[in-house]
Amino acid sequence: MVDFLVVGGGIAGLRAAVTLAEAGSVLVVTKEGLAESNTAYAQGGIAVAMGGEEDVALHLADTVAAGDGLVNAEAAAVLVEQGPQRVEELLRWGTGFDREQGELMRTREGAHSLPRILHAHGDATGWEIAVSLLRHVRGLERVELMEWVTTVDLVVDSDAGRVVGATLLDAAGALVEVRARAVLLASGGAGQAFSDTTNPAVATGDGIAMAYRAGAELMDMEFMQFHPTAFAMEGAPRFLMSEALRGEGAWLVNARGERFMGRYHAGLELAPRDVVARAIGREGMDGPVYLDMRVAGGGTDLKARFPGISAFLVGYGLELGRDLIPVRPAAHYLMGGIRTDVCGRTSLAGLFAAGEAACTGVHGANRLASNSLLEGLVFGALAAEAMIEEQWSVVSGQWLERTTVGEDLDVEGWIAELRGLMWQDAGLLRDEAGLRRAQAGLARLRESEPRGGSRRELEARNLLAVAEVMVQAALGREESRGAHFRMDFPEKASVARHSVMRRGELRFVGD
């Protein structure tokens, strides 16, 4: 038993643990090593308005504009107003953001009105934040960190009327129920629902699926952001080609060598991500699309500025500033998730969520570049404060029998089929016919759903649950808005509404 259970060791979970440790014992569990999270893979940076009230107001305006009419204004205001103090905490805890002549270096990315992006080690911002947060958390006596533990499901106590813990599966196959005063799901997104994704293998929507099975509301699940520029060489992973490359002046060119973004948006390569992704998708119908940094840089040492990206490209015989880099969109960030208020409270008592697993509405229909790390910091801390305020007691739990975790079928083939049909029929460009095909394909997969107790089979079931909600919400939203584009409904509806899903029922609500 612990006072607080945190599922996920990325930026939201670790930041929450810092505050929770002030009020009780904290257990943080992660599915793999603590370094393996979407946080650690974040290249672009962290957006924060460090220049006073005017800067904060501009950051708010940019966030709202990028969200295409669906941003929760309260959540966005909280994000940009509390962001500076949370970043100041990181600085105090030793996070090494890049500097120029002693001052924090700020760069610009898509849909930002001015440079406000902080970086670390060029293109390893997420990694640096994760390392510094983890170092700080390890020094807190009341926090226990458990790696290689898969969270199976939430424990809901009908007598208590709330979530009282979770069932965990360790690497040896033992099941245990951990009880807590409150549970925080900070387990990240679900990019692995698509065959083409920038996300690490752990991003299988586990927390979202668990919350949904327990009866929690999900919101805006149709809004998966497709990052415009993932590496697109045959047989290579969809490695992220950071938006910061375009911030440094890189062009996008088509197979004919034409710079084409001027045909789609006045912001050119720094237009909102949804606009750039669809433009690349259209141009890519006639041949490959490339990122061209030969015109960029202005004397910048690109290897020093982007060491991680440069090292990756070397393995494919390519070099920034010398070669055209093939790119295409890939599933990147889920704007939807477990429906919460700005303090992380879900529709289930005892359950909180923060980071990419949660949906406050702060990103609307399209996340502003580099707002995700800031989201984890701000709302992870707020969720922890709300958890502490609740005066629930711990309901005692029990050890369970060891389980057999053998896999009885071709789980990898089953997952690959799911990911392929989601990419093909529920990806960047959607229509009713494709979404109906996806829905039918998912129904067939449910008939052969893996039912064993291994981690991979648990992930397979979670991916299916998340994919089904995504498709149902996408079918219900008969408009095009932000990252959700319906070719059969290309116009935006006059009234912006959020989709809400609970136990298979879809409804649309205002803020």
# chains A, B, ... in the order shown; residues from 1 in each chain; ligands from 1
$ residues_around --residues "A:Leu428" --least-positions-apart "3" --cutoff "9 Å" --atoms "only C-alpha atoms" --output "PyMOL selection string"
chain A and resi 224-226+274+277-278+281+329-331+423-425+483-485
$ select_by_dssp --residues "stretch 307-363 of chain A" --states "helix (DSSP H, G or I)" --output "PyMOL selection string"
chain A and resi 307-314+355-357
$ write_last_selection --atoms "N, CA, C and O atoms" --output "PDB file, in the first residue's frame"
ATOM      1  N   PRO A 307      22.917  17.301 -33.083  1.00  0.00           N
ATOM      2  CA  PRO A 307      23.823  16.141 -33.025  1.00  0.00           C
ATOM      3  C   PRO A 307      23.107  14.796 -33.129  1.00  0.00           C
ATOM      4  O   PRO A 307      23.607  13.873 -33.783  1.00  0.00           O
ATOM      5  N   GLY A 308      21.929  14.665 -32.501  1.00  0.00           N
ATOM      6  CA  GLY A 308      21.207  13.404 -32.558  1.00  0.00           C
ATOM      7  C   GLY A 308      20.708  13.082 -33.949  1.00  0.00           C
ATOM      8  O   GLY A 308      20.854  11.948 -34.440  1.00  0.00           O
ATOM      9  N   ILE A 309      20.123  14.064 -34.603  1.00  0.00           N
ATOM     10  CA  ILE A 309      19.621  13.879 -35.966  1.00  0.00           C
ATOM     11  C   ILE A 309      20.774  13.605 -36.913  1.00  0.00           C
ATOM     12  O   ILE A 309      20.698  12.716 -37.775  1.00  0.00           O
ATOM     13  N   SER A 310      21.853  14.349 -36.752  1.00  0.00           N
ATOM     14  CA  SER A 310      23.019  14.161 -37.629  1.00  0.00           C
ATOM     15  C   SER A 310      23.591  12.757 -37.493  1.00  0.00           C
ATOM     16  O   SER A 310      23.932  12.107 -38.488  1.00  0.00           O
ATOM     17  N   ALA A 311      23.670  12.275 -36.260  1.00  0.00           N
ATOM     18  CA  ALA A 311      24.212  10.929 -36.034  1.00  0.00           C
ATOM     19  C   ALA A 311      23.307   9.871 -36.660  1.00  0.00           C
ATOM     20  O   ALA A 311      23.796   8.881 -37.228  1.00  0.00           O
ATOM     21  N   PHE A 312      22.008  10.057 -36.571  1.00  0.00           N
ATOM     22  CA  PHE A 312      21.077   9.116 -37.182  1.00  0.00           C
ATOM     23  C   PHE A 312      21.261   9.094 -38.698  1.00  0.00           C
ATOM     24  O   PHE A 312      21.327   8.026 -39.318  1.00  0.00           O
ATOM     25  N   LEU A 313      21.363  10.262 -39.317  1.00  0.00           N
ATOM     26  CA  LEU A 313      21.450  10.339 -40.771  1.00  0.00           C
ATOM     27  C   LEU A 313      22.741   9.738 -41.310  1.00  0.00           C
ATOM     28  O   LEU A 313      22.763   9.199 -42.431  1.00  0.00           O
ATOM     29  N   VAL A 314      23.798   9.806 -40.530  1.00  0.00           N
ATOM     30  CA  VAL A 314      25.070   9.227 -40.972  1.00  0.00           C
ATOM     31  C   VAL A 314      24.900   7.750 -41.307  1.00  0.00           C
ATOM     32  O   VAL A 314      25.493   7.233 -42.267  1.00  0.00           O
ATOM     33  N   GLY A 355      -0.486  14.828 -18.683  1.00  0.00           N
ATOM     34  CA  GLY A 355       0.385  14.590 -19.823  1.00  0.00           C
ATOM     35  C   GLY A 355      -0.411  14.114 -21.025  1.00  0.00           C
ATOM     36  O   GLY A 355      -1.615  14.393 -21.145  1.00  0.00           O
ATOM     37  N   GLU A 356       0.237  13.372 -21.911  1.00  0.00           N
ATOM     38  CA  GLU A 356      -0.413  12.977 -23.157  1.00  0.00           C
ATOM     39  C   GLU A 356      -1.569  12.012 -22.939  1.00  0.00           C
ATOM     40  O   GLU A 356      -2.473  11.927 -23.766  1.00  0.00           O
ATOM     41  N   ALA A 357      -1.580  11.278 -21.837  1.00  0.00           N
ATOM     42  CA  ALA A 357      -2.697  10.377 -21.548  1.00  0.00           C
ATOM     43  C   ALA A 357      -3.976  11.134 -21.241  1.00  0.00           C
ATOM     44  O   ALA A 357      -5.068  10.577 -21.353  1.00  0.00           O
TER      45      ALA A 357
END
$ atom_distance --atom1 "atom CA of A:Ala465" --atom2 "atom CA of A:Gly504"
10.2 Å
$ residues_around --residues "A:Ala75" --least-positions-apart "3" --cutoff "12 Å" --atoms "only C-alpha atoms" --output "ChimeraX atom specification"
/A:60,63-64,70-72,78-83,340-344,359-364,375,378-379,382,511
$ residues_around --residues "A:Gly51" --least-positions-apart "3" --cutoff "10 Å" --atoms "only C-alpha atoms" --output "list in words"
Val48, Glu54, Asp55, Val56, Pro84 and Arg116 of chain A
$ residues_around --residues "stretch 15-29 of chain A" --least-positions-apart "6" --cutoff "10 Å" --atoms "only C-alpha atoms" --output "number ranges by chain"
A: 1-9, 86, 90, 130, 133-134, 136-151, 168, 178, 180-181, 183-184, 186-187, 354, 376-389
$ select_by_dssp --residues "stretch 214-266 of chain A" --states "strand (DSSP E or B)" --output "list in words"
Leu218, Met219, Met224, Gln225, Phe226, His227, Pro228, Thr229, Ala230, Phe231, Leu240, Trp251, Leu252, Val253 and Arg259 of chain A
$ write_last_selection --atoms "N, CA and C atoms" --output "PDB file, in the first residue's frame"
ATOM      1  N   LEU A 218     -13.460   9.505 -22.150  1.00  0.00           N
ATOM      2  CA  LEU A 218     -12.377   9.933 -23.024  1.00  0.00           C
ATOM      3  C   LEU A 218     -12.872  11.108 -23.856  1.00  0.00           C
ATOM      4  N   MET A 219     -11.944  11.970 -24.286  1.00  0.00           N
ATOM      5  CA  MET A 219     -12.342  13.160 -25.047  1.00  0.00           C
ATOM      6  C   MET A 219     -11.426  13.368 -26.242  1.00  0.00           C
ATOM      7  N   MET A 224      -5.473  12.818 -33.612  1.00  0.00           N
ATOM      8  CA  MET A 224      -4.084  12.366 -33.582  1.00  0.00           C
ATOM      9  C   MET A 224      -3.266  13.311 -34.457  1.00  0.00           C
ATOM     10  N   GLN A 225      -2.257  13.919 -33.872  1.00  0.00           N
ATOM     11  CA  GLN A 225      -1.405  14.809 -34.659  1.00  0.00           C
ATOM     12  C   GLN A 225      -0.382  13.993 -35.445  1.00  0.00           C
ATOM     13  N   PHE A 226      -0.333  14.257 -36.738  1.00  0.00           N
ATOM     14  CA  PHE A 226       0.648  13.610 -37.602  1.00  0.00           C
ATOM     15  C   PHE A 226       1.784  14.603 -37.838  1.00  0.00           C
ATOM     16  N   HIS A 227       2.945  14.259 -37.285  1.00  0.00           N
ATOM     17  CA  HIS A 227       4.081  15.165 -37.455  1.00  0.00           C
ATOM     18  C   HIS A 227       4.449  15.199 -38.931  1.00  0.00           C
ATOM     19  N   PRO A 228       4.675  16.393 -39.505  1.00  0.00           N
ATOM     20  CA  PRO A 228       4.914  16.486 -40.953  1.00  0.00           C
ATOM     21  C   PRO A 228       6.187  15.791 -41.418  1.00  0.00           C
ATOM     22  N   THR A 229       7.223  15.798 -40.591  1.00  0.00           N
ATOM     23  CA  THR A 229       8.535  15.420 -41.111  1.00  0.00           C
ATOM     24  C   THR A 229       9.161  14.276 -40.314  1.00  0.00           C
ATOM     25  N   ALA A 230       8.754  13.069 -40.643  1.00  0.00           N
ATOM     26  CA  ALA A 230       9.436  11.873 -40.153  1.00  0.00           C
ATOM     27  C   ALA A 230      10.295  11.327 -41.288  1.00  0.00           C
ATOM     28  N   PHE A 231      11.414  10.740 -40.949  1.00  0.00           N
ATOM     29  CA  PHE A 231      12.330  10.184 -41.951  1.00  0.00           C
ATOM     30  C   PHE A 231      11.598   9.134 -42.773  1.00  0.00           C
ATOM     31  N   LEU A 240      12.118  11.045 -36.064  1.00  0.00           N
ATOM     32  CA  LEU A 240      11.614  12.416 -36.123  1.00  0.00           C
ATOM     33  C   LEU A 240      12.670  13.373 -36.656  1.00  0.00           C
ATOM     34  N   TRP A 251      13.743  24.247 -46.031  1.00  0.00           N
ATOM     35  CA  TRP A 251      12.601  24.261 -46.947  1.00  0.00           C
ATOM     36  C   TRP A 251      12.049  22.847 -47.104  1.00  0.00           C
ATOM     37  N   LEU A 252      10.816  22.787 -47.559  1.00  0.00           N
ATOM     38  CA  LEU A 252      10.223  21.541 -48.016  1.00  0.00           C
ATOM     39  C   LEU A 252      10.111  21.606 -49.535  1.00  0.00           C
ATOM     40  N   VAL A 253      10.611  20.592 -50.221  1.00  0.00           N
ATOM     41  CA  VAL A 253      10.574  20.582 -51.685  1.00  0.00           C
ATOM     42  C   VAL A 253       9.984  19.260 -52.160  1.00  0.00           C
ATOM     43  N   ARG A 259       9.828  24.326 -54.036  1.00  0.00           N
ATOM     44  CA  ARG A 259       9.388  24.687 -52.687  1.00  0.00           C
ATOM     45  C   ARG A 259       7.884  24.960 -52.768  1.00  0.00           C
TER      46      ARG A 259
END
$ closest_residue --among "A:Ser372, A:Thr30, A:Gln472, A:Thr107" --to "A:Leu435" --atoms "only C-alpha atoms"
A:Gln472
$ closest_residue --among "A:Leu34, A:Ala358, A:Leu268, A:Ala172" --to "A:Ile208" --atoms "only C-alpha atoms"
A:Ala358
$ residues_around --residues "A:Gly161" --least-positions-apart "3" --cutoff "9 Å" --atoms "only C-alpha atoms" --output "MDAnalysis selection string"
chainID A and resid 156:158 164 348:350
$ closest_residue --among "A:Gln192, A:Ser396, A:Asn366, A:Thr167" --to "A:Arg481" --atoms "only C-alpha atoms"
A:Asn366
$ closest_residue --among "A:Leu351, A:Ala211, A:Ala279, A:Val289" --to "A:Arg256" --atoms "only C-alpha atoms"
A:Val289
$ closest_residue --among "A:His112, A:Arg213, A:Arg305, A:Arg430" --to "A:Arg503" --atoms "only C-alpha atoms"
A:Arg213
$ residues_around --residues "A:Ser448" --least-positions-apart "6" --cutoff "12 Å" --atoms "only C-alpha atoms" --output "PyMOL selection string"
chain A and resi 408-411+413-415+417-418+441-442+457+460-461+464
$ closest_residue --among "A:Gly287, A:Trp93, A:Ala365, A:Arg273" --to "A:Arg497" --atoms "only C-alpha atoms"
A:Ala365
$ atom_distance --atom1 "atom CA of A:His265" --atom2 "atom CA of A:Ala61"
18.3 Å
